[in-house]
Structures are given as structure tokens and as C-alpha cells.
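start00.txt follows (compact mmCIF, N, CA and C atoms and all ligand atoms):
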# COMPACT_ATOMS: atom_id res chain seq x y z
N MET S 235 0.84 -1.20 0.00
CA MET S 235 0.00 0.00 0.00
C MET S 235 0.87 1.24 0.00
N ASN S 236 1.94 1.21 0.79
CA ASN S 236 2.76 2.40 0.89
C ASN S 236 3.34 2.83 -0.45
N SER S 237 3.94 1.90 -1.17
CA SER S 237 4.57 2.30 -2.42
C SER S 237 3.51 2.73 -3.42
N TYR S 238 2.37 2.09 -3.41
CA TYR S 238 1.30 2.43 -4.35
C TYR S 238 0.80 3.84 -4.09
N TYR S 239 0.54 4.16 -2.86
CA TYR S 239 0.03 5.49 -2.54
C TYR S 239 1.12 6.55 -2.53
N ALA S 240 2.34 6.15 -2.24
CA ALA S 240 3.44 7.11 -2.29
C ALA S 240 3.55 7.65 -3.71
N GLY S 241 3.42 6.75 -4.68
CA GLY S 241 3.48 7.19 -6.07
C GLY S 241 2.35 8.16 -6.37
N TYR S 242 1.20 7.89 -5.81
CA TYR S 242 0.04 8.73 -6.05
C TYR S 242 0.28 10.12 -5.47
N PHE S 243 0.78 10.22 -4.26
CA PHE S 243 0.98 11.53 -3.66
C PHE S 243 2.21 12.24 -4.21
N ASP S 244 3.17 11.47 -4.68
CA ASP S 244 4.37 12.09 -5.24
C ASP S 244 4.09 12.73 -6.61
N SER S 245 2.94 12.48 -7.16
CA SER S 245 2.64 13.01 -8.48
C SER S 245 2.30 14.49 -8.43
N ASP S 246 2.62 15.10 -7.35
CA ASP S 246 2.36 16.50 -7.11
C ASP S 246 3.47 17.34 -7.76
N GLU S 247 3.91 16.91 -8.95
CA GLU S 247 4.92 17.67 -9.67
C GLU S 247 4.26 18.90 -10.29
N PRO S 248 4.96 20.00 -10.33
CA PRO S 248 4.37 21.23 -10.84
C PRO S 248 3.91 21.13 -12.28
N HIS S 249 4.57 20.27 -13.08
CA HIS S 249 4.23 20.25 -14.50
C HIS S 249 3.44 19.01 -14.90
N PHE S 250 2.78 18.41 -13.93
CA PHE S 250 2.16 17.13 -14.25
C PHE S 250 1.05 17.24 -15.29
N LEU S 251 0.48 18.41 -15.43
CA LEU S 251 -0.58 18.55 -16.43
C LEU S 251 -0.05 19.00 -17.78
N GLU S 252 1.25 19.22 -17.86
CA GLU S 252 1.78 19.74 -19.11
C GLU S 252 2.28 18.64 -20.04
N SER S 253 2.42 17.43 -19.48
CA SER S 253 2.84 16.36 -20.37
C SER S 253 2.08 15.09 -20.03
N CYS S 254 1.99 14.24 -21.02
CA CYS S 254 1.29 12.98 -20.85
C CYS S 254 1.97 12.16 -19.76
N SER S 255 1.19 11.65 -18.82
CA SER S 255 1.75 10.87 -17.73
C SER S 255 2.39 9.58 -18.23
N LEU S 256 2.03 9.16 -19.42
CA LEU S 256 2.57 7.90 -19.90
C LEU S 256 3.71 8.11 -20.89
N CYS S 257 3.48 8.82 -21.95
CA CYS S 257 4.52 8.93 -22.99
C CYS S 257 5.26 10.25 -22.91
N ARG S 258 4.89 11.11 -21.97
CA ARG S 258 5.60 12.38 -21.73
C ARG S 258 5.47 13.37 -22.89
N LYS S 259 4.56 13.09 -23.77
CA LYS S 259 4.31 14.02 -24.86
C LYS S 259 3.73 15.30 -24.26
N THR S 260 4.17 16.42 -24.75
CA THR S 260 3.68 17.70 -24.23
C THR S 260 2.20 17.87 -24.56
N LEU S 261 1.44 18.24 -23.54
CA LEU S 261 0.01 18.43 -23.75
C LEU S 261 -0.25 19.90 -24.03
N SER S 262 -1.09 20.12 -24.98
CA SER S 262 -1.46 21.49 -25.30
C SER S 262 -2.85 21.75 -24.74
N LEU S 263 -3.04 22.94 -24.24
CA LEU S 263 -4.36 23.27 -23.69
C LEU S 263 -5.41 23.29 -24.79
N ASN S 264 -4.96 23.39 -26.02
CA ASN S 264 -5.90 23.42 -27.14
C ASN S 264 -6.31 22.04 -27.61
N SER S 265 -5.57 21.04 -27.13
CA SER S 265 -5.93 19.69 -27.56
C SER S 265 -6.60 18.96 -26.41
N ASP S 266 -7.19 17.85 -26.71
CA ASP S 266 -7.89 17.09 -25.68
C ASP S 266 -6.91 16.54 -24.67
N ILE S 267 -7.27 16.63 -23.42
CA ILE S 267 -6.47 16.04 -22.35
C ILE S 267 -7.35 15.02 -21.67
N PHE S 268 -6.83 13.84 -21.49
CA PHE S 268 -7.60 12.78 -20.86
C PHE S 268 -7.15 12.64 -19.42
N MET S 269 -8.04 12.94 -18.51
CA MET S 269 -7.70 12.91 -17.09
C MET S 269 -7.98 11.52 -16.52
N TYR S 270 -7.21 11.19 -15.52
CA TYR S 270 -7.40 9.92 -14.83
C TYR S 270 -7.12 10.15 -13.36
N ARG S 271 -8.01 9.72 -12.50
CA ARG S 271 -7.90 9.86 -11.04
C ARG S 271 -7.66 11.30 -10.62
N GLY S 272 -8.07 12.23 -11.43
CA GLY S 272 -8.04 13.63 -11.03
C GLY S 272 -6.70 14.32 -11.10
N ASP S 273 -5.60 13.55 -11.18
CA ASP S 273 -4.31 14.24 -11.17
C ASP S 273 -3.35 13.72 -12.22
N MET S 274 -3.85 12.90 -13.12
CA MET S 274 -2.97 12.39 -14.18
C MET S 274 -3.59 12.79 -15.51
N ALA S 275 -2.75 13.30 -16.37
CA ALA S 275 -3.24 13.75 -17.66
C ALA S 275 -2.57 12.94 -18.77
N PHE S 276 -3.35 12.64 -19.79
CA PHE S 276 -2.83 11.84 -20.90
C PHE S 276 -3.17 12.50 -22.21
N CYS S 277 -2.29 12.26 -23.20
CA CYS S 277 -2.49 12.87 -24.51
C CYS S 277 -3.59 12.16 -25.28
N SER S 278 -3.88 10.94 -24.92
CA SER S 278 -4.87 10.18 -25.68
C SER S 278 -5.54 9.16 -24.78
N GLN S 279 -6.68 8.69 -25.27
CA GLN S 279 -7.40 7.65 -24.55
C GLN S 279 -6.55 6.38 -24.43
N GLU S 280 -5.75 6.13 -25.46
CA GLU S 280 -4.91 4.94 -25.46
C GLU S 280 -3.89 4.99 -24.33
N CYS S 281 -3.27 6.18 -24.16
CA CYS S 281 -2.28 6.33 -23.09
C CYS S 281 -2.96 6.16 -21.74
N ARG S 282 -4.13 6.75 -21.59
CA ARG S 282 -4.83 6.65 -20.31
C ARG S 282 -5.19 5.20 -20.03
N GLN S 283 -5.67 4.52 -21.08
CA GLN S 283 -6.05 3.13 -20.91
C GLN S 283 -4.86 2.28 -20.49
N GLU S 284 -3.71 2.59 -21.07
CA GLU S 284 -2.51 1.83 -20.69
C GLU S 284 -2.16 2.06 -19.23
N GLN S 285 -2.33 3.29 -18.78
CA GLN S 285 -2.04 3.61 -17.38
C GLN S 285 -3.03 2.89 -16.47
N ILE S 286 -4.29 2.88 -16.87
CA ILE S 286 -5.32 2.20 -16.06
C ILE S 286 -4.98 0.72 -15.96
N GLU S 287 -4.58 0.13 -17.10
CA GLU S 287 -4.27 -1.29 -17.08
C GLU S 287 -3.04 -1.57 -16.24
N SER S 288 -2.06 -0.67 -16.33
CA SER S 288 -0.85 -0.86 -15.54
C SER S 288 -1.16 -0.69 -14.05
N ASP S 289 -2.02 0.26 -13.73
CA ASP S 289 -2.44 0.44 -12.33
C ASP S 289 -3.18 -0.78 -11.83
N GLU S 290 -4.02 -1.35 -12.71
CA GLU S 290 -4.78 -2.51 -12.27
C GLU S 290 -3.87 -3.67 -11.99
N SER S 291 -2.84 -3.85 -12.81
CA SER S 291 -1.94 -4.97 -12.54
C SER S 291 -1.09 -4.68 -11.32
N LYS S 292 -0.75 -3.41 -11.11
CA LYS S 292 -0.01 -3.04 -9.90
C LYS S 292 -0.87 -3.28 -8.67
N ALA S 293 -2.13 -2.86 -8.76
CA ALA S 293 -3.04 -3.04 -7.64
C ALA S 293 -3.23 -4.51 -7.34
N LYS S 294 -3.26 -5.31 -8.41
CA LYS S 294 -3.44 -6.73 -8.22
C LYS S 294 -2.23 -7.32 -7.50
N SER S 295 -1.02 -6.94 -7.95
CA SER S 295 0.16 -7.50 -7.30
C SER S 295 0.31 -6.92 -5.90
N TRP S 296 -0.17 -5.68 -5.72
CA TRP S 296 -0.13 -5.11 -4.37
C TRP S 296 -1.03 -5.90 -3.44
N ARG S 297 -2.24 -6.25 -3.93
CA ARG S 297 -3.16 -7.01 -3.09
C ARG S 297 -2.55 -8.35 -2.72
N GLU S 298 -1.86 -8.98 -3.69
CA GLU S 298 -1.25 -10.26 -3.40
C GLU S 298 -0.15 -10.11 -2.35
N THR S 299 0.69 -9.09 -2.53
CA THR S 299 1.77 -8.84 -1.58
C THR S 299 1.20 -8.49 -0.22
N SER S 300 0.20 -7.61 -0.24
CA SER S 300 -0.34 -7.11 1.01
C SER S 300 -1.08 -8.20 1.76
N SER S 301 -1.75 -9.10 1.05
CA SER S 301 -2.48 -10.12 1.79
C SER S 301 -1.50 -11.05 2.49
N SER S 302 -0.33 -11.28 1.89
CA SER S 302 0.63 -12.15 2.57
C SER S 302 1.29 -11.40 3.73
N SER S 303 1.57 -10.09 3.54
CA SER S 303 2.19 -9.37 4.65
C SER S 303 1.15 -9.10 5.73
N ARG S 304 -0.12 -8.95 5.31
CA ARG S 304 -1.15 -8.70 6.32
C ARG S 304 -1.37 -9.93 7.18
N SER S 305 -1.26 -11.13 6.56
CA SER S 305 -1.50 -12.32 7.37
C SER S 305 -0.38 -12.50 8.38
N SER S 306 0.85 -12.05 8.03
CA SER S 306 1.91 -12.17 9.03
C SER S 306 1.72 -11.11 10.11
N LEU S 307 1.18 -9.95 9.72
CA LEU S 307 0.87 -8.91 10.70
C LEU S 307 -0.22 -9.40 11.64
N ARG S 308 -1.23 -10.06 11.03
CA ARG S 308 -2.35 -10.51 11.84
C ARG S 308 -1.89 -11.54 12.87
N LYS S 309 -0.93 -12.36 12.44
CA LYS S 309 -0.39 -13.36 13.34
C LYS S 309 0.20 -12.67 14.58
N GLN S 310 0.97 -11.60 14.32
CA GLN S 310 1.59 -10.89 15.43
C GLN S 310 0.53 -10.26 16.33
N SER S 311 -0.46 -9.61 15.70
CA SER S 311 -1.44 -8.90 16.52
C SER S 311 -2.37 -9.88 17.23
N ASP S 312 -2.57 -11.05 16.63
CA ASP S 312 -3.39 -12.05 17.31
C ASP S 312 -2.73 -12.47 18.62
N THR S 313 -1.42 -12.62 18.57
CA THR S 313 -0.69 -13.00 19.78
C THR S 313 -0.86 -11.91 20.83
N LYS S 314 -0.71 -10.69 20.38
CA LYS S 314 -0.83 -9.54 21.27
C LYS S 314 -2.26 -9.47 21.84
N ASP S 315 -3.23 -9.65 20.90
CA ASP S 315 -4.64 -9.56 21.31
C ASP S 315 -5.00 -10.62 22.33
N SER S 316 -4.48 -11.83 22.12
CA SER S 316 -4.88 -12.89 23.04
C SER S 316 -4.30 -12.61 24.43
N VAL S 317 -3.12 -11.99 24.44
CA VAL S 317 -2.56 -11.62 25.74
C VAL S 317 -3.40 -10.54 26.38
N ALA S 318 -3.76 -9.54 25.57
CA ALA S 318 -4.59 -8.45 26.09
C ALA S 318 -5.95 -8.98 26.51
N GLY S 319 -6.50 -9.90 25.70
CA GLY S 319 -7.82 -10.46 26.01
C GLY S 319 -7.78 -11.21 27.33
N LYS S 320 -6.68 -11.89 27.58
CA LYS S 320 -6.53 -12.64 28.82
C LYS S 320 -6.57 -11.67 30.01
N THR S 321 -5.85 -10.58 29.84
CA THR S 321 -5.80 -9.59 30.91
C THR S 321 -7.20 -9.02 31.19
N VAL S 322 -7.89 -8.69 30.09
CA VAL S 322 -9.23 -8.12 30.25
C VAL S 322 -10.16 -9.12 30.91
N ARG S 323 -10.06 -10.38 30.44
CA ARG S 323 -10.95 -11.40 30.99
C ARG S 323 -10.67 -11.60 32.49
N THR S 324 -9.41 -11.58 32.83
CA THR S 324 -9.06 -11.76 34.24
C THR S 324 -9.67 -10.64 35.08
N GLU S 325 -9.53 -9.42 34.54
CA GLU S 325 -10.06 -8.26 35.26
C GLU S 325 -11.57 -8.35 35.41
N THR S 326 -12.22 -8.82 34.30
CA THR S 326 -13.67 -8.94 34.34
C THR S 326 -14.09 -9.96 35.38
N LEU S 327 -13.35 -11.06 35.42
CA LEU S 327 -13.66 -12.11 36.40
C LEU S 327 -13.50 -11.58 37.82
N VAL S 328 -12.44 -10.82 38.00
CA VAL S 328 -12.19 -10.27 39.34
C VAL S 328 -13.32 -9.34 39.74
N MET S 329 -13.73 -8.52 38.72
CA MET S 329 -14.77 -7.54 39.03
C MET S 329 -16.12 -8.19 39.24
N ALA S 330 -16.35 -9.37 38.55
CA ALA S 330 -17.67 -10.00 38.64
C ALA S 330 -17.86 -10.83 39.87
ZN ZN X 1 0.60 9.92 -24.23
Could the structure of this file be written out as C-alpha cells, please?
Amino acid sequence: MNSYYAGYFDSDEPHFLESCSLCRKTLSLNSDIFMYRGDMAFCSQECRQEQIESDESKAKSWRETSSSSRSSLRKQSDTKDSVAGKTVRTETLVMA
């Protein structure tokens, strides 16, 4: 998630609307500009489509990576949670 969104926020370049995000062709205000996700501009529908497809494959590989890293994270937090749960349960028993 971090690298995916870092790229998104890093696109805050001053000239991002002046050239195609894909082929870097200079965009003219007089010609059609194809916007994507509000901050990416493309010279043509084809370039935008390529970016969308590349994003989709990135998102797909990100989900695969993240689900494996998330399951290892969950393992850690489950251990922590069960310890915390034990403490809470003990306190509840004492109070009851
Ligand atoms: Zn282009």
C-alpha cells in the first residue's frame, strides 16, 4: 500500500498537467487532455487506458503482496490480542 500510494501523492509535480503521464508528450491546452484519477493527464485515450491497465496490474500485485504481509501482521497482533484479552478477561472475572 505504501509504495502504491506514495506514487500517487508524489505526483504532485508542478508540471504534471503539461505532459502525458505515460509517454511524456507535451500536452497542449488546445488539444484534448484525458484525465485519470483527477491528477494524471494523458495525450490520448490509449495512453490513459494503458495507465489504467498498468495500475490494475499493480493493484493486483499489491493485493497479493499485502495479503501475505497482512496475514503475518495478523499473526503478530493475534498474539498480542490474546494476551490483552486474557488480561481483560481476568479483570472482568475479578470484578464480577
Ligand atoms: Zn501519451
Using all atoms listed in the file, find each residue of chain S with at least one atom at most 6 Å away from an atom of ligand ZN 1 (chain X); report its shortest atom-to-atom pair and that distance in Å (one decimal), sort the rows by chain and rising residue number, and return the result as a Markdown table.
| residue | atom | partner | partner_atom | distance |
| --- | --- | --- | --- | --- |
| S:Cys254 | CA | X:ZN1 | ZN | 4.6 |
| S:Ser255 | N | X:ZN1 | ZN | 5.7 |
| S:Leu256 | C | X:ZN1 | ZN | 4.9 |
| S:Cys257 | N | X:ZN1 | ZN | 3.8 |
| S:Arg258 | N | X:ZN1 | ZN | 5.0 |
| S:Lys259 | N | X:ZN1 | ZN | 5.1 |
| S:Phe276 | C | X:ZN1 | ZN | 5.0 |
| S:Cys277 | N | X:ZN1 | ZN | 3.9 |
| S:Ser278 | N | X:ZN1 | ZN | 4.6 |
| S:Cys281 | CA | X:ZN1 | ZN | 4.7 |
Keeping N, CA and C atoms for every residue in the selection just given, could you write it to a file as a compact mmCIF listing (two decimals), in the frame of the given file?
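The resulting file, part.txt, is reproduced below:
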# COMPACT_ATOMS: atom_id res chain seq x y z
N CYS S 254 1.99 14.24 -21.02
CA CYS S 254 1.29 12.98 -20.85
C CYS S 254 1.97 12.16 -19.76
N SER S 255 1.19 11.65 -18.82
CA SER S 255 1.75 10.87 -17.73
C SER S 255 2.39 9.58 -18.23
N LEU S 256 2.03 9.16 -19.42
CA LEU S 256 2.57 7.90 -19.90
C LEU S 256 3.71 8.11 -20.89
N CYS S 257 3.48 8.82 -21.95
CA CYS S 257 4.52 8.93 -22.99
C CYS S 257 5.26 10.25 -22.91
N ARG S 258 4.89 11.11 -21.97
CA ARG S 258 5.60 12.38 -21.73
C ARG S 258 5.47 13.37 -22.89
N LYS S 259 4.56 13.09 -23.77
CA LYS S 259 4.31 14.02 -24.86
C LYS S 259 3.73 15.30 -24.26
N PHE S 276 -3.35 12.64 -19.79
CA PHE S 276 -2.83 11.84 -20.90
C PHE S 276 -3.17 12.50 -22.21
N CYS S 277 -2.29 12.26 -23.20
CA CYS S 277 -2.49 12.87 -24.51
C CYS S 277 -3.59 12.16 -25.28
N SER S 278 -3.88 10.94 -24.92
CA SER S 278 -4.87 10.18 -25.68
C SER S 278 -5.54 9.16 -24.78
N CYS S 281 -3.27 6.18 -24.16
CA CYS S 281 -2.28 6.33 -23.09
C CYS S 281 -2.96 6.16 -21.74
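Interatomic distance, atom C of Thr260 in chain S to atom C of Ala275 in chain S: 9.0 Å.
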Long-range neighbours of Ile286 in chain S as a list in words, 10 Å cut-off, only C-alpha atoms, 5 positions minimum in chain: Tyr270, Arg271, Glu280, Cys281, Ser291 and Lys292 of chain S
Can you work out the spacing between atom C of Ser288 in chain S and atom C of Ser262 in chain S in Å, to one decimal? 24.9 Å
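Here CA of Ser253 in chain S and atom N of Phe268 in chain S stand 10.1 Å from one another.
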When distances are computed from only C-alpha atoms, which of S:Lys294, S:Ile267, S:Thr299, S:Glu252 shows the smallest separation from Arg282 in chain S? S:Ile267
